[in-house]
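Chemist: Just structure21.cif, nothing more (mmCIF, C-alpha atoms):
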data_structure
loop_
_atom_site.label_atom_id
_atom_site.label_comp_id
_atom_site.auth_asym_id
_atom_site.auth_seq_id
_atom_site.Cartn_x
_atom_site.Cartn_y
_atom_site.Cartn_z
CA ASP A 124 127.14 50.46 109.61
CA HIS A 125 127.18 54.07 108.41
CA ALA A 126 123.45 54.37 109.13
CA ARG A 127 123.91 53.05 112.68
CA LYS A 128 126.72 55.53 113.34
CA SER A 129 124.61 58.39 111.99
CA LEU A 130 121.68 57.36 114.18
CA ALA A 131 123.94 57.10 117.24
CA THR A 132 125.25 60.61 116.54
CA ILE A 133 121.71 61.99 116.25
CA VAL A 134 120.66 60.31 119.51
CA ASP A 135 123.76 61.63 121.27
CA GLN A 136 123.11 65.17 120.02
CA ALA A 137 119.46 64.97 121.07
CA MET A 138 120.39 63.83 124.56
CA ARG A 139 122.96 66.62 124.84
CA ALA A 140 120.35 69.17 123.72
CA HIS A 141 117.98 67.83 126.39
CA GLU A 142 120.68 68.15 129.05
CA MET A 143 121.46 71.72 127.96
CA LEU A 144 117.78 72.69 128.11
CA ALA A 145 117.52 71.17 131.60
CA GLU A 146 120.55 73.20 132.70
CA VAL A 147 119.03 76.43 131.40
CA MET A 148 115.73 75.73 133.17
CA ARG A 149 117.54 75.13 136.48
CA ALA A 150 119.23 78.51 136.12
CA VAL A 151 116.19 80.62 135.27
CA GLN A 152 113.03 78.79 136.31
CA PRO A 153 111.43 79.98 139.60
CA ARG A 154 111.40 77.28 142.24
CA SER A 155 110.20 76.77 145.78
CA VAL A 156 112.99 76.17 148.31
CA VAL A 157 112.18 74.49 151.62
CA ARG A 158 115.12 74.38 154.04
CA SER A 159 115.40 72.20 157.13
CA PRO A 160 118.22 71.00 159.43
CA HIS A 161 120.49 68.39 157.82
CA ASP A 162 123.99 67.07 158.43
CA ILE A 163 125.80 68.83 155.60
CA VAL A 164 129.02 66.88 156.22
CA ALA A 165 127.30 63.51 155.69
CA LEU A 166 125.52 64.89 152.63
CA THR A 167 128.81 66.11 151.14
CA LYS A 168 130.57 62.82 151.85
CA GLY A 169 127.72 61.01 150.09
CA ILE A 170 128.22 63.00 146.87
CA PHE A 171 131.99 62.54 147.19
CA GLU A 172 131.56 58.77 147.27
CA THR A 173 128.93 58.75 144.52
CA MET A 174 131.23 60.61 142.13
CA ARG A 175 134.42 58.77 143.07
CA PRO A 176 134.03 56.18 140.25
CA LEU A 177 133.85 59.00 137.69
CA GLY A 178 137.19 60.31 138.91
CA GLU A 179 138.75 56.87 138.99
CA ALA A 180 137.55 56.20 135.44
CA LYS A 181 139.51 59.26 134.29
CA LYS A 182 142.53 58.22 136.42
CA ILE A 183 142.07 61.31 138.62
CA ASN A 184 143.14 61.14 142.26
CA TRP A 185 139.99 61.54 144.39
CA GLU A 186 140.82 62.74 147.90
CA TRP A 187 138.93 63.74 151.08
CA ARG A 188 140.17 65.86 153.99
CA SER A 189 137.95 67.01 156.85
CA ASN A 190 138.43 68.20 160.43
CA VAL A 191 134.72 67.84 161.24
CA SER A 192 132.61 64.69 161.46
CA ALA A 193 129.17 66.34 161.46
CA ALA A 194 127.61 69.79 161.10
CA LEU A 195 123.94 70.71 161.15
CA ALA A 196 122.85 73.34 158.63
CA GLU A 197 119.50 74.71 157.50
CA ILE A 198 119.54 73.64 153.86
CA GLU A 199 117.57 72.14 151.03
CA PRO A 200 119.46 68.83 150.64
CA GLU A 201 118.59 68.31 146.97
CA GLY A 202 119.88 71.79 146.11
CA ILE A 203 123.17 71.26 147.96
CA GLN A 204 123.65 67.85 146.35
CA GLU A 205 123.20 69.45 142.93
CA VAL A 206 125.70 72.19 143.83
CA LEU A 207 128.34 69.66 144.85
CA ARG A 208 127.71 67.50 141.81
CA LEU A 209 128.01 70.43 139.40
CA VAL A 210 131.19 71.78 141.01
CA ALA A 211 132.80 68.35 141.03
CA GLN A 212 131.77 67.70 137.43
CA ASN A 213 133.38 70.96 136.35
CA GLY A 214 136.58 69.78 137.99
CA LEU A 215 136.34 66.40 136.30
CA ASP A 216 135.83 68.03 132.91
CA ALA A 217 138.89 70.23 133.40
CA CYS A 218 141.27 67.66 134.86
CA ARG A 219 143.67 65.37 133.03
CA PRO A 220 144.73 61.83 133.99
CA GLY A 221 147.02 62.06 136.99
CA ASP A 222 145.47 65.30 138.30
CA THR A 223 143.95 65.48 141.78
CA ILE A 224 140.55 66.65 143.01
CA LEU A 225 140.58 67.30 146.75
CA TRP A 226 137.47 67.85 148.87
CA LYS A 227 138.23 69.80 152.07
CA LEU A 228 135.82 70.55 154.92
CA GLU A 229 136.51 72.70 157.94
CA VAL A 230 134.58 74.67 160.55
CA ILE A 231 135.57 78.33 160.60
CA ASP A 232 134.77 81.41 162.64
CA SER A 233 132.71 83.99 160.82
CA VAL A 234 134.09 87.51 160.56
CA GLU A 235 130.62 88.94 161.21
CA GLU A 236 129.63 90.25 164.62
CA PRO A 237 126.85 88.50 166.58
CA VAL A 238 123.58 90.41 166.71
CA LEU A 239 121.54 90.10 169.93
CA SER A 240 123.31 86.83 170.65
CA LYS A 241 126.16 85.64 172.83
CA ARG A 242 126.65 82.53 170.73
CA ARG A 243 129.72 82.26 168.55
CA LEU A 244 129.41 82.49 164.78
CA ARG A 245 130.44 79.37 162.88
CA LYS A 246 130.34 78.29 159.27
CA LEU A 247 131.24 75.15 157.41
CA ARG A 248 133.64 75.76 154.55
CA ILE A 249 133.52 73.23 151.72
CA VAL A 250 136.35 73.45 149.20
CA ILE A 251 136.59 71.41 146.01
CA GLU A 252 139.97 72.07 144.45
CA ASP A 253 141.77 70.53 141.52
CA THR A 254 145.22 70.53 139.97
CA GLY A 255 143.86 71.06 136.47
CA PRO A 256 144.85 73.80 134.03
CA GLY A 257 143.13 76.53 136.02
CA LEU A 258 141.50 79.73 134.77
CA GLU A 259 142.74 83.09 133.61
CA ASN A 260 141.81 85.90 136.00
CA ALA A 261 139.26 87.27 133.52
CA GLN A 262 137.64 83.83 133.29
CA ALA A 263 137.50 83.39 137.07
CA VAL A 264 135.83 86.79 137.48
CA ARG A 265 133.04 85.85 135.05
CA ALA A 266 132.76 82.16 135.94
CA PHE A 267 129.37 82.53 137.70
CA ASP A 268 127.82 84.68 134.97
CA LEU A 269 124.90 83.01 133.23
CA TYR A 270 125.84 81.75 129.73
CA TYR A 271 129.54 82.49 130.20
CA SER A 272 131.75 79.48 129.48
CA GLY A 273 135.51 79.33 129.75
CA ARG A 274 135.58 76.07 127.77
CA GLU A 275 136.25 75.63 124.08
CA ALA A 276 133.37 76.62 121.82
CA GLY A 277 130.58 74.08 121.86
CA ARG A 278 131.69 72.30 125.02
CA GLY A 279 129.43 74.07 127.49
CA LEU A 280 126.56 76.53 127.84
CA GLY A 281 127.99 78.43 130.77
CA VAL A 282 125.01 77.53 132.95
CA SER A 283 126.20 75.11 135.64
CA LEU A 284 128.14 77.59 137.78
CA ALA A 285 125.28 80.10 137.54
CA VAL A 286 123.07 77.35 138.99
CA VAL A 287 125.67 76.75 141.71
CA LYS A 288 125.67 80.43 142.70
CA ARG A 289 121.86 80.56 142.80
CA TYR A 290 121.43 77.37 144.83
CA VAL A 291 124.17 78.31 147.30
CA ALA A 292 122.52 81.70 147.91
CA GLU A 293 119.13 80.01 148.37
CA ASN A 294 120.74 77.90 151.10
CA LEU A 295 122.10 80.94 153.00
CA GLY A 296 125.63 80.34 151.75
CA ALA A 297 128.34 82.07 149.74
CA VAL A 298 130.63 80.79 146.99
CA ARG A 299 133.76 82.01 145.23
CA ILE A 300 136.41 80.73 142.84
CA VAL A 301 140.15 81.00 143.44
CA SER A 302 142.20 80.10 140.38
CA GLN A 303 145.36 80.84 138.48
CA LYS A 304 146.18 79.70 134.98
CA GLY A 305 148.32 76.59 135.12
CA LEU A 306 147.90 76.16 138.88
CA GLY A 307 144.47 74.59 139.23
CA CYS A 308 141.14 75.85 140.48
CA SER A 309 139.43 75.99 143.87
CA VAL A 310 135.70 76.48 144.49
CA GLU A 311 135.04 77.58 148.07
CA MET A 312 131.57 77.46 149.64
CA GLU A 313 130.53 78.52 153.14
CA PHE A 314 127.30 77.73 154.97
CA PRO A 315 126.15 78.79 158.46
CA ILE A 316 125.86 75.87 160.85
CA TYR A 317 123.99 75.22 164.07
CA ASP A 318 125.32 75.36 167.62
CA GLN A 319 124.39 71.97 169.07
CA ASP A 320 125.63 72.83 172.55
CA ALA A 321 123.17 73.66 175.29
CA SER A 322 122.64 77.41 175.57
CA GLU A 323 120.40 79.85 177.41
CA ASP A 324 117.43 81.58 175.88
CA ASP A 325 116.48 85.21 176.56
CA ASN A 326 114.95 84.19 179.93
CA GLY A 327 118.03 82.31 181.08
CA THR A 328 116.45 78.89 180.50
CA LYS A 329 118.69 76.11 179.25
CA GLN A 330 117.84 75.03 175.72
CA HIS A 331 119.25 71.73 174.50
CA GLN A 332 117.82 71.62 171.01
CA PRO A 333 120.09 72.84 168.17
CA LYS A 334 120.48 76.62 167.92
CA ARG A 335 121.60 78.28 164.74
CA TRP A 336 124.54 80.64 164.82
CA MET A 337 123.27 83.92 163.49
CA ILE A 338 124.57 85.25 160.21
#
Go ahead and express the file in the form of structure tokens.

Modeler:
Amino acid sequence: DHARKSLATIVDQAMRAHEMLAEVMRAVQPRSVVRSPHDIVALTKGIFETMRPLGEAKKINWEWRSNVSAALAEIEPEGIQEVLRLVAQNGLDACRPGDTILWKLEVIDSVEEPVLSKRRLRKLRIVIEDTGPGLENAQAVRAFDLYYSGREAGRGLGVSLAVVKRYVAENLGAVRIVSQKGLGCSVEMEFPIYDQDASEDDNGTKQHQPKRWMI
């Protein structure tokens, strides 16, 4: 019995080491990113549903709120799925039974001015917020730094949020953390989305295919 427990511990440690190495490689290894138009709302809802059982297993309230049913964005779907999974997993790791993780989606106006375009600027904001213990201000400031971990020693490499920042940037987006110790944590991501309304090109011709709002 003791031998079996020792072997199980070794296997568990080996698997954890493999996962840590994979995380480091995602953060530093060069990769080719190919973006194309995808419905980022449907993609996000898919990850939400996939991870719901993990939240339910920890007795965490898993909630969805969205004022948009679809939004076309020029993204690498695998990269965005990994971003959402990593952010949600960080929330799951931080939360206690009875806490809530809320996914919020909304279309917002960009503060940037259009350049050589009469089309409005729009972005999709994806927020994954939790009612967990939150972060100190100093922790929130450094959260995206590679190898920085706000967890207890040995519980994390401080790689996942660095991967999130990199993948979001590669998909033309931006990300930030809003947190206060004892009041939970919110990860906010914004991605430019396409204008699917008919619009005129430079020659005044109607174009009905999707047009991207400039950023």

Chemist: What's the 12 Å shell around range 172-178 of chain A, counting only C-alpha atoms, without same-chain residues fewer than 2 positions away, as a VMD selection string?

Modeler: chain A and resid 165 to 170 180 to 187 204 to 205 207 to 226 253

Chemist: So, counting all atoms listed in the file, which residue among A:Asn294, A:Ala137, A:Ile316, A:Ser309 is closest to Leu244 in chain A?

Modeler: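 Once distances to Leu244 in chain A are computed over all atoms listed in the file, the minimum belongs to A:Ile316.
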
Chemist: Between CA of Val310 in chain A and CA of Val298 in chain A, what is the distance in Å, rounded to a tenth?

Modeler: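 That distance, rounded to one decimal, is 7.1 Å.
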
Chemist: Please list, as a ChimeraX atom specification, the residues that have an atom at most 7 Å away from (136.9, 72.4, 152.2) in the coordinates of this file, counting all atoms listed in the file.

Modeler: /A:226-229,248-251,311

Chemist: Residue by residue, what does the PyMOL selection byres ((chain A and resi 191-195) around 12) grab here? Present the result as a PyMOL selection string.

Modeler: chain A and resi 158-168+187-190+196-198+200+227-231+245-249+314-320+332-336

Chemist: Please tell me which residues are no farther than 9 Å from (137.1, 79.9, 139.2) in the file, counting all atoms listed in the file, and write them as an MDAnalysis selection string.

Modeler: chainID A and resid 257:260 262:267 299:303 308:310

Chemist: When you count all atoms listed in the file, which of these residues is closest to Glu252 in chain A: A:Ile133, A:Val157, A:Gly296, A:Gly307?

Modeler: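 The shortest atom-to-atom distance to Glu252 in chain A comes from A:Gly307.
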
Chemist: Could you tell me which of A:Ala131, A:Lys288, A:Gly255, A:Asp268 comes closest to Gly305 in chain A if we count all atoms listed in the file?

Modeler: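 Of A:Ala131, A:Lys288, A:Gly255, A:Asp268, the one nearest Gly305 in chain A is A:Gly255, counting all atoms listed in the file.
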
Chemist: Could you tell me which of A:Ala297, A:Arg289, A:Ser233, A:Leu130 comes closest to Arg154 in chain A if we count all atoms listed in the file?

Modeler: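 Distance minimum relative to Arg154 in chain A lands on A:Arg289.
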